[in-house]
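Scroll down for the structure; my scribbles are underneath it.
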Protein chains: 2
Amino acid sequence: MQARNTRQKQIVDKVMGKATRPLTVHEILAGGKKFLPSLGLATVYRELNRLVETGEIQTVTIPGDPPRYEIAKQHHHHFKCTKCDNVYELEGCLKEITKLVPKGFKAESHDITLYGLCRACA
Amino acid sequence: MQARNTRQKQIVDKVMGKATRPLTVHEILAGGKKFLPSLGLATVYRELNRLVETGEIQTVTIPGDPPRYEIAKQHHHHFKCTKCDNVYELEGCLKEITKLVPKGFKAESHDITLYGLCRACA
DNA sequence: GTGCATGCAAAGGGTTTGCACGCGC
DNA sequence: GCGCGTGCAAACCCTTTGCATGCAC
């Protein structure tokens with residue numbers, strides 16, 4: 001069952017690729033409908049899940065928010081503006097995070113989310 | 001509309017207070033039913049939402065997991081074991097986190113979640 | 001022509017809400 | 001007795017799934 005490169009999939013990829021910040025499912029659907037009005041929600045979900053499984057995109061989960069999706073890239077973290085609700089990508093990471101790991105525990109990965117005001121809202 | 005201190009509410013508080021780790025809604029309901037079998041899911045949700053609003057408890061959100069709840073306490077973070085799926089509380093925090101904030105942004109708070117193996121599973 | 005991908009609609013899981021009953025005051 | 005809190009069931013929202021159609025090859 002080799003994947004077919006249909007118009008729908010190309011459009012989901014295209015919308016994702018253009019994004020400068022993580023997008024919600026509905027933003028992706030709305031963006032895709034501009035190119036193919038018949039695009040369905042189920043197809044967007046199916047394509048997103050496929051892309052997550054193959055590791056091409058990543059899910060960004062912010063408590064209280066719907067999931068967002070972004071092109072997979074180097075390890076990084078996120079900043080959620082509490083005023084405009086946009087989510088931004090942050091560069092860098094903290095090696096000091098190992099200090100939090102209790103004795104006997106073995107950390108493999110981590111997520112960091114910052115909250116506050118973005119440049120435009122501050 | 002001053003709140004009444006009903007049996008149901010006392011039981012939700014009691015279950016939360018006994019917990020040594022964040023609990024899911026269904027764990028709280030199951031725990032409460034041991035004391036009051038007629039306890040309903042809607043009441044648990046209503047009481048939890050009230051306690052979150054008053055700041056008495058906090059929601060712990062782990063991507064891909066149902067929300068958990070814990071008694072509000074000093075600032076801390078969480079560790080999710082990828083094998084047994086339990087969530088543990090971590091002590092301490094990282095002042096270095098300010099290094100991640102971009103210029104012009106104003107950070108107010110943050111969440112850190114570690115993933116890996118707990119002591120029992122490592 | 002064959003078969004997978006799509007769109008629709010229904011199903012599913014988790015959470016909230018409307019309503020009538022009954023307990024707490 | 002009055003009114004809020006409760007339990008039930010329905011409603012909601014988000015996501016997944018079943019199925020018939022139709023496009024890609």
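We label chains A, B, ... in the order they appear in the structure tokens, count residues from 1 in each chain, and number ligands from 1 in the order shown.
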
Next item on the list: Determine which residues of chain D sit within 9 Å of chain B, taking into account only C-alpha atoms (C1' of nucleotides), and present them as a VMD selection string.
Entry: chain D and resid 4 to 8

Write to file, as a PDB file, in the first residue's frame, the residues of the selection just made, with N, CA, C and O atoms (P, O5', C5', C4', C3', O3' and C1' of nucleotides).
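Written output follows (part_18.pdb):
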```
ATOM      1  P    DC D   4     -30.546  29.476  44.914  1.00  0.00           P
ATOM      2  O5'  DC D   4     -29.219  28.641  45.172  1.00  0.00           O
ATOM      3  C5'  DC D   4     -28.717  28.527  46.497  1.00  0.00           C
ATOM      4  C4'  DC D   4     -28.221  27.121  46.711  1.00  0.00           C
ATOM      5  C3'  DC D   4     -27.245  26.634  45.652  1.00  0.00           C
ATOM      6  O3'  DC D   4     -26.190  25.952  46.324  1.00  0.00           O
ATOM      7  C1'  DC D   4     -29.063  25.140  45.773  1.00  0.00           C
ATOM      8  P    DG D   5     -24.937  25.450  45.550  1.00  0.00           P
ATOM      9  O5'  DG D   5     -25.170  23.876  45.512  1.00  0.00           O
ATOM     10  C5'  DG D   5     -25.186  23.172  46.729  1.00  0.00           C
ATOM     11  C4'  DG D   5     -25.364  21.701  46.466  1.00  0.00           C
ATOM     12  C3'  DG D   5     -24.387  21.115  45.460  1.00  0.00           C
ATOM     13  O3'  DG D   5     -23.996  19.839  45.968  1.00  0.00           O
ATOM     14  C1'  DG D   5     -26.600  20.823  44.661  1.00  0.00           C
ATOM     15  P    DT D   6     -23.073  18.896  45.168  1.00  0.00           P
ATOM     16  O5'  DT D   6     -24.110  17.892  44.500  1.00  0.00           O
ATOM     17  C5'  DT D   6     -24.941  17.146  45.359  1.00  0.00           C
ATOM     18  C4'  DT D   6     -25.852  16.229  44.578  1.00  0.00           C
ATOM     19  C3'  DT D   6     -25.141  15.392  43.529  1.00  0.00           C
ATOM     20  O3'  DT D   6     -25.274  14.020  43.875  1.00  0.00           O
ATOM     21  C1'  DT D   6     -27.101  16.467  42.630  1.00  0.00           C
ATOM     22  P    DG D   7     -24.438  12.908  43.086  1.00  0.00           P
ATOM     23  O5'  DG D   7     -25.521  12.414  42.027  1.00  0.00           O
ATOM     24  C5'  DG D   7     -26.706  11.780  42.474  1.00  0.00           C
ATOM     25  C4'  DG D   7     -27.594  11.446  41.299  1.00  0.00           C
ATOM     26  C3'  DG D   7     -26.895  10.650  40.189  1.00  0.00           C
ATOM     27  O3'  DG D   7     -27.748   9.578  39.800  1.00  0.00           O
ATOM     28  C1'  DG D   7     -27.785  12.683  39.304  1.00  0.00           C
ATOM     29  P    DC D   8     -27.272   8.472  38.797  1.00  0.00           P
ATOM     30  O5'  DC D   8     -28.100   8.814  37.471  1.00  0.00           O
ATOM     31  C5'  DC D   8     -29.503   8.995  37.558  1.00  0.00           C
ATOM     32  C4'  DC D   8     -29.995   9.699  36.311  1.00  0.00           C
ATOM     33  C3'  DC D   8     -29.420   9.118  35.019  1.00  0.00           C
ATOM     34  O3'  DC D   8     -30.478   8.543  34.261  1.00  0.00           O
ATOM     35  C1'  DC D   8     -29.359  11.511  35.029  1.00  0.00           C
TER      36       DC D   8
END
```

Between chain B and chain A, at 10 Å or less, what are the per-residue closest atom pairs and their distances in Å? Count only C-alpha atoms, order by chain and rising residue number, and return it as JSON lines.
```
{"residue": "B:Thr59", "atom": "CA", "partner": "A:Pro63", "partner_atom": "CA", "distance": 8.6}
{"residue": "B:Val60", "atom": "CA", "partner": "A:Pro63", "partner_atom": "CA", "distance": 8.2}
{"residue": "B:Thr61", "atom": "CA", "partner": "A:Pro63", "partner_atom": "CA", "distance": 5.7}
{"residue": "B:Ile62", "atom": "CA", "partner": "A:Pro63", "partner_atom": "CA", "distance": 8.0}
{"residue": "B:Pro63", "atom": "CA", "partner": "A:Thr61", "partner_atom": "CA", "distance": 5.8}
{"residue": "B:Gly64", "atom": "CA", "partner": "A:Thr61", "partner_atom": "CA", "distance": 8.6}
{"residue": "B:Pro67", "atom": "CA", "partner": "A:Pro63", "partner_atom": "CA", "distance": 8.9}
{"residue": "B:His76", "atom": "CA", "partner": "A:Leu100", "partner_atom": "CA", "distance": 9.7}
{"residue": "B:His77", "atom": "CA", "partner": "A:Leu100", "partner_atom": "CA", "distance": 8.6}
{"residue": "B:His78", "atom": "CA", "partner": "A:Leu100", "partner_atom": "CA", "distance": 9.4}
{"residue": "B:Phe79", "atom": "CA", "partner": "A:Val101", "partner_atom": "CA", "distance": 8.2}
{"residue": "B:Lys80", "atom": "CA", "partner": "A:Ala107", "partner_atom": "CA", "distance": 9.3}
{"residue": "B:Cys81", "atom": "CA", "partner": "A:Ala107", "partner_atom": "CA", "distance": 8.8}
{"residue": "B:Thr82", "atom": "CA", "partner": "A:Glu108", "partner_atom": "CA", "distance": 9.2}
{"residue": "B:Glu89", "atom": "CA", "partner": "A:Pro102", "partner_atom": "CA", "distance": 9.8}
{"residue": "B:Leu90", "atom": "CA", "partner": "A:Leu100", "partner_atom": "CA", "distance": 6.6}
{"residue": "B:Glu91", "atom": "CA", "partner": "A:Leu100", "partner_atom": "CA", "distance": 6.9}
{"residue": "B:Gly92", "atom": "CA", "partner": "A:Leu100", "partner_atom": "CA", "distance": 6.6}
{"residue": "B:Cys93", "atom": "CA", "partner": "A:Leu100", "partner_atom": "CA", "distance": 7.1}
{"residue": "B:Leu94", "atom": "CA", "partner": "A:Ile97", "partner_atom": "CA", "distance": 7.2}
{"residue": "B:Lys95", "atom": "CA", "partner": "A:Glu96", "partner_atom": "CA", "distance": 9.5}
{"residue": "B:Glu96", "atom": "CA", "partner": "A:Leu94", "partner_atom": "CA", "distance": 7.3}
{"residue": "B:Ile97", "atom": "CA", "partner": "A:Leu94", "partner_atom": "CA", "distance": 7.2}
{"residue": "B:Thr98", "atom": "CA", "partner": "A:Leu114", "partner_atom": "CA", "distance": 9.4}
{"residue": "B:Lys99", "atom": "CA", "partner": "A:Leu94", "partner_atom": "CA", "distance": 8.4}
{"residue": "B:Leu100", "atom": "CA", "partner": "A:Gly92", "partner_atom": "CA", "distance": 6.6}
{"residue": "B:Val101", "atom": "CA", "partner": "A:Leu90", "partner_atom": "CA", "distance": 7.5}
{"residue": "B:Pro102", "atom": "CA", "partner": "A:Leu90", "partner_atom": "CA", "distance": 7.4}
{"residue": "B:Lys103", "atom": "CA", "partner": "A:Arg119", "partner_atom": "CA", "distance": 7.7}
{"residue": "B:Gly104", "atom": "CA", "partner": "A:Arg119", "partner_atom": "CA", "distance": 4.7}
{"residue": "B:Phe105", "atom": "CA", "partner": "A:Cys118", "partner_atom": "CA", "distance": 4.6}
{"residue": "B:Lys106", "atom": "CA", "partner": "A:Leu117", "partner_atom": "CA", "distance": 5.0}
{"residue": "B:Ala107", "atom": "CA", "partner": "A:Gly116", "partner_atom": "CA", "distance": 4.3}
{"residue": "B:Glu108", "atom": "CA", "partner": "A:Gly116", "partner_atom": "CA", "distance": 4.7}
{"residue": "B:Ser109", "atom": "CA", "partner": "A:Tyr115", "partner_atom": "CA", "distance": 5.1}
{"residue": "B:His110", "atom": "CA", "partner": "A:Leu114", "partner_atom": "CA", "distance": 4.2}
{"residue": "B:Asp111", "atom": "CA", "partner": "A:Thr113", "partner_atom": "CA", "distance": 5.2}
{"residue": "B:Ile112", "atom": "CA", "partner": "A:Ile112", "partner_atom": "CA", "distance": 4.6}
{"residue": "B:Thr113", "atom": "CA", "partner": "A:Asp111", "partner_atom": "CA", "distance": 5.2}
{"residue": "B:Leu114", "atom": "CA", "partner": "A:His110", "partner_atom": "CA", "distance": 4.2}
{"residue": "B:Tyr115", "atom": "CA", "partner": "A:Ser109", "partner_atom": "CA", "distance": 5.2}
{"residue": "B:Gly116", "atom": "CA", "partner": "A:Ala107", "partner_atom": "CA", "distance": 4.3}
{"residue": "B:Leu117", "atom": "CA", "partner": "A:Lys106", "partner_atom": "CA", "distance": 5.0}
{"residue": "B:Cys118", "atom": "CA", "partner": "A:Phe105", "partner_atom": "CA", "distance": 4.6}
{"residue": "B:Arg119", "atom": "CA", "partner": "A:Gly104", "partner_atom": "CA", "distance": 4.7}
{"residue": "B:Ala120", "atom": "CA", "partner": "A:Gly104", "partner_atom": "CA", "distance": 8.2}
{"residue": "B:Cys121", "atom": "CA", "partner": "A:Phe105", "partner_atom": "CA", "distance": 8.4}
{"residue": "B:Ala122", "atom": "CA", "partner": "A:Lys106", "partner_atom": "CA", "distance": 6.6}
```

N, CA and C atoms of the current selection, written as a short mmCIF file (atom, residue, chain, number, x, y, z; two decimals), in the first residue's frame:
```cif
data_model
loop_
_atom_site.label_atom_id
_atom_site.label_comp_id
_atom_site.auth_asym_id
_atom_site.auth_seq_id
_atom_site.Cartn_x
_atom_site.Cartn_y
_atom_site.Cartn_z
N THR B 59 -4.62 21.72 37.43
CA THR B 59 -4.73 20.72 36.38
C THR B 59 -3.34 20.39 35.87
N VAL B 60 -3.10 19.12 35.67
CA VAL B 60 -1.83 18.67 35.11
C VAL B 60 -2.13 18.06 33.75
N THR B 61 -1.62 18.69 32.71
CA THR B 61 -1.91 18.22 31.36
C THR B 61 -0.67 17.60 30.74
N ILE B 62 -0.77 16.35 30.37
CA ILE B 62 0.31 15.65 29.68
C ILE B 62 -0.21 15.30 28.30
N PRO B 63 0.50 15.70 27.26
CA PRO B 63 0.02 15.43 25.89
C PRO B 63 -0.32 13.96 25.70
N GLY B 64 -1.48 13.71 25.13
CA GLY B 64 -1.89 12.35 24.85
C GLY B 64 -2.56 11.67 26.03
N PRO B 67 -6.57 14.72 31.39
CA PRO B 67 -6.13 15.66 32.43
C PRO B 67 -6.07 14.98 33.79
N HIS B 76 6.16 23.55 40.98
CA HIS B 76 6.92 22.32 40.75
C HIS B 76 6.59 21.81 39.35
N HIS B 77 7.22 20.70 38.98
CA HIS B 77 7.00 20.16 37.64
C HIS B 77 6.70 18.67 37.71
N HIS B 78 6.60 18.04 36.55
CA HIS B 78 6.16 16.64 36.52
C HIS B 78 7.03 15.74 35.67
N PHE B 79 6.98 14.47 36.03
CA PHE B 79 7.72 13.43 35.33
C PHE B 79 6.73 12.35 34.95
N LYS B 80 6.66 12.06 33.67
CA LYS B 80 5.75 11.01 33.21
C LYS B 80 6.57 9.79 32.82
N CYS B 81 6.29 8.66 33.47
CA CYS B 81 7.00 7.43 33.13
C CYS B 81 6.40 6.86 31.85
N THR B 82 7.26 6.62 30.87
CA THR B 82 6.76 6.14 29.58
C THR B 82 6.45 4.64 29.62
N GLU B 89 5.58 13.96 40.81
CA GLU B 89 5.87 15.37 41.02
C GLU B 89 7.36 15.56 41.26
N LEU B 90 7.91 16.61 40.68
CA LEU B 90 9.33 16.91 40.84
C LEU B 90 9.50 18.14 41.70
N GLU B 91 10.55 18.17 42.48
CA GLU B 91 10.84 19.36 43.27
C GLU B 91 11.79 20.27 42.50
N GLY B 92 11.74 21.52 42.84
CA GLY B 92 12.71 22.45 42.28
C GLY B 92 12.31 23.01 40.94
N CYS B 93 13.11 23.94 40.48
CA CYS B 93 12.82 24.62 39.24
C CYS B 93 14.13 25.14 38.67
N LEU B 94 14.08 25.70 37.51
CA LEU B 94 15.29 26.19 36.85
C LEU B 94 15.22 27.70 36.65
N LYS B 95 16.10 28.43 37.33
CA LYS B 95 16.12 29.87 37.09
C LYS B 95 16.62 30.15 35.67
N GLU B 96 17.39 29.21 35.15
CA GLU B 96 17.98 29.41 33.81
C GLU B 96 16.91 29.51 32.73
N ILE B 97 15.69 29.25 33.10
CA ILE B 97 14.64 29.23 32.09
C ILE B 97 14.50 30.60 31.41
N THR B 98 14.91 31.64 32.10
CA THR B 98 14.79 32.98 31.51
C THR B 98 15.67 33.11 30.27
N LYS B 99 16.65 32.23 30.14
CA LYS B 99 17.52 32.29 28.96
C LYS B 99 16.77 31.99 27.67
N LEU B 100 15.63 31.32 27.79
CA LEU B 100 14.89 30.94 26.59
C LEU B 100 14.00 32.06 26.06
N VAL B 101 13.76 33.07 26.90
CA VAL B 101 12.80 34.11 26.52
C VAL B 101 13.41 35.06 25.49
N PRO B 102 12.78 35.21 24.36
CA PRO B 102 13.29 36.10 23.32
C PRO B 102 13.19 37.56 23.76
N LYS B 103 14.01 38.39 23.17
CA LYS B 103 13.98 39.82 23.49
C LYS B 103 12.61 40.40 23.15
N GLY B 104 12.12 41.22 24.06
CA GLY B 104 10.82 41.85 23.81
C GLY B 104 9.67 41.03 24.36
N PHE B 105 9.89 39.75 24.59
CA PHE B 105 8.86 38.92 25.19
C PHE B 105 8.94 39.03 26.70
N LYS B 106 7.82 38.78 27.35
CA LYS B 106 7.78 38.89 28.80
C LYS B 106 7.19 37.61 29.38
N ALA B 107 8.02 36.79 29.97
CA ALA B 107 7.55 35.51 30.49
C ALA B 107 6.93 35.69 31.87
N GLU B 108 5.82 35.02 32.09
CA GLU B 108 5.14 35.11 33.38
C GLU B 108 5.16 33.78 34.12
N SER B 109 5.13 32.70 33.37
CA SER B 109 5.12 31.39 34.01
C SER B 109 5.60 30.36 33.01
N HIS B 110 5.68 29.12 33.47
CA HIS B 110 6.15 28.06 32.57
C HIS B 110 5.77 26.70 33.11
N ASP B 111 5.77 25.75 32.21
CA ASP B 111 5.55 24.35 32.56
C ASP B 111 6.72 23.53 32.05
N ILE B 112 7.16 22.57 32.84
CA ILE B 112 8.18 21.63 32.37
C ILE B 112 7.68 20.22 32.63
N THR B 113 7.75 19.37 31.64
CA THR B 113 7.39 17.98 31.82
C THR B 113 8.55 17.12 31.33
N LEU B 114 8.99 16.20 32.19
CA LEU B 114 10.04 15.27 31.79
C LEU B 114 9.41 13.92 31.48
N TYR B 115 10.01 13.21 30.55
CA TYR B 115 9.56 11.87 30.19
C TYR B 115 10.72 10.91 30.34
N GLY B 116 10.41 9.69 30.73
CA GLY B 116 11.46 8.70 30.87
C GLY B 116 10.98 7.55 31.74
N LEU B 117 11.92 6.93 32.43
CA LEU B 117 11.58 5.79 33.27
C LEU B 117 11.67 6.17 34.74
N CYS B 118 10.67 5.78 35.50
CA CYS B 118 10.69 6.06 36.93
C CYS B 118 11.59 5.04 37.63
N ARG B 119 11.78 5.22 38.90
CA ARG B 119 12.70 4.37 39.65
C ARG B 119 12.29 2.90 39.53
N ALA B 120 11.00 2.64 39.62
CA ALA B 120 10.54 1.26 39.59
C ALA B 120 10.73 0.61 38.22
N CYS B 121 10.63 1.41 37.17
CA CYS B 121 10.68 0.85 35.81
C CYS B 121 12.10 0.86 35.23
N ALA B 122 12.99 1.67 35.80
CA ALA B 122 14.33 1.81 35.19
C ALA B 122 15.17 0.54 35.36
#
```

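When DSSP reads the backbone of this structure, the residues of stretch 16-106 of chain A it assigns to alpha helix (DSSP H) are Met16, Gly17, Lys18, Val25, His26, Glu27, Ile28, Leu29, Ala30, Gly31, Gly32, Lys33, Leu41, Ala42, Thr43, Val44, Tyr45, Arg46, Glu47, Leu48, Asn49, Arg50, Leu51, Val52 and Glu53 of chain A.
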
Could you write those residues out with C-alpha atoms, as a CSV table (one decimal), in the first residue's frame?
```
chain,number,residue,atom,x,y,z
A,16,MET,CA,2.1,23.2,6.9
A,17,GLY,CA,5.2,24.3,5.0
A,18,LYS,CA,4.1,27.9,4.8
A,25,VAL,CA,-6.5,21.6,12.6
A,26,HIS,CA,-9.0,24.2,11.7
A,27,GLU,CA,-6.4,26.6,10.6
A,28,ILE,CA,-5.0,23.9,8.3
A,29,LEU,CA,-8.4,23.0,7.0
A,30,ALA,CA,-9.2,26.7,6.3
A,31,GLY,CA,-5.9,27.2,4.7
A,32,GLY,CA,-6.3,24.2,2.5
A,33,LYS,CA,-9.9,25.0,1.5
A,41,LEU,CA,-11.8,17.6,7.9
A,42,ALA,CA,-11.3,13.8,8.0
A,43,THR,CA,-8.7,14.0,5.3
A,44,VAL,CA,-6.8,16.7,7.2
A,45,TYR,CA,-6.9,14.5,10.3
A,46,ARG,CA,-5.8,11.4,8.4
A,47,GLU,CA,-2.9,13.2,6.7
A,48,LEU,CA,-1.8,14.9,9.9
A,49,ASN,CA,-1.8,11.6,11.8
A,50,ARG,CA,0.2,10.0,9.0
A,51,LEU,CA,2.7,12.8,9.0
A,52,VAL,CA,3.1,12.6,12.8
A,53,GLU,CA,3.7,8.8,12.5
```

Give one line per residue of chain C that approaches chain A to at most 10 Å, naming the two atoms of the closest pair and their distance in Å to one decimal, counting only C-alpha atoms (C1' of nucleotides); sort by chain then ascending residue number and deliver it as a tab-separated table.
```
residue	atom	partner	partner_atom	distance
C:DG3	C1'	A:Met1	CA	9.5
C:DC4	C1'	A:Met1	CA	7.8
C:DA5	C1'	A:Thr6	CA	7.9
C:DT6	C1'	A:Thr43	CA	6.9
C:DG7	C1'	A:Gly40	CA	6.1
C:DC8	C1'	A:Gly40	CA	8.8
```

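Atom CA of B:Lys83 is positioned 20.7 Å from atom CA of B:Ala19.
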
Next item on the list: Please return as a ChimeraX atom specification: the residues of chain A that backbone DSSP assigns to strand (DSSP E).
Entry: /A:23-24,57-60,68-71,77-81,87-90,106-117

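We find atom CA of B:Tyr88 and atom CA of B:Arg21 to be spaced 6.0 Å apart.
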
Report as a PDB file with N, CA, C and O atoms (P, O5', C5', C4', C3', O3' and C1' of nucleotides), in the first residue's frame all protein, DNA and RNA residues lying within 10 Å of C:DA9, evaluated on only C-alpha atoms (C1' of nucleotides), omitting residues in the same chain fewer than 2 positions from it.
```pdb
ATOM      1  P    DG C   7     -11.570  15.397   0.299  1.00  0.00           P
ATOM      2  O5'  DG C   7     -13.113  15.102   0.575  1.00  0.00           O
ATOM      3  C5'  DG C   7     -14.008  15.008  -0.532  1.00  0.00           C
ATOM      4  C4'  DG C   7     -15.384  14.584  -0.044  1.00  0.00           C
ATOM      5  C3'  DG C   7     -15.909  15.392   1.145  1.00  0.00           C
ATOM      6  O3'  DG C   7     -17.244  15.780   0.870  1.00  0.00           O
ATOM      7  C1'  DG C   7     -15.874  13.069   1.671  1.00  0.00           C
ATOM      8  P    DA C  11     -24.603   5.793  14.265  1.00  0.00           P
ATOM      9  O5'  DA C  11     -23.227   5.414  14.976  1.00  0.00           O
ATOM     10  C5'  DA C  11     -22.251   4.673  14.245  1.00  0.00           C
ATOM     11  C4'  DA C  11     -20.919   4.795  14.946  1.00  0.00           C
ATOM     12  C3'  DA C  11     -21.002   4.640  16.469  1.00  0.00           C
ATOM     13  O3'  DA C  11     -19.912   3.842  16.883  1.00  0.00           O
ATOM     14  C1'  DA C  11     -19.929   6.670  15.918  1.00  0.00           C
TER      15       DA C  11
ATOM     16  P    DG D  18     -14.111   1.064  11.332  1.00  0.00           P
ATOM     17  O5'  DG D  18     -15.425   1.169  10.440  1.00  0.00           O
ATOM     18  C5'  DG D  18     -16.669   1.545  11.024  1.00  0.00           C
ATOM     19  C4'  DG D  18     -17.767   1.577   9.977  1.00  0.00           C
ATOM     20  C3'  DG D  18     -17.608   0.597   8.826  1.00  0.00           C
ATOM     21  O3'  DG D  18     -18.912   0.210   8.388  1.00  0.00           O
ATOM     22  C1'  DG D  18     -17.403   2.820   8.001  1.00  0.00           C
ATOM     23  P    DC D  19     -19.074  -0.849   7.189  1.00  0.00           P
ATOM     24  O5'  DC D  19     -19.391   0.111   5.953  1.00  0.00           O
ATOM     25  C5'  DC D  19     -20.379   1.122   6.093  1.00  0.00           C
ATOM     26  C4'  DC D  19     -20.459   1.952   4.821  1.00  0.00           C
ATOM     27  C3'  DC D  19     -20.198   1.156   3.536  1.00  0.00           C
ATOM     28  O3'  DC D  19     -21.183   1.501   2.579  1.00  0.00           O
ATOM     29  C1'  DC D  19     -18.821   3.068   3.596  1.00  0.00           C
TER      30       DC D  19
END
```
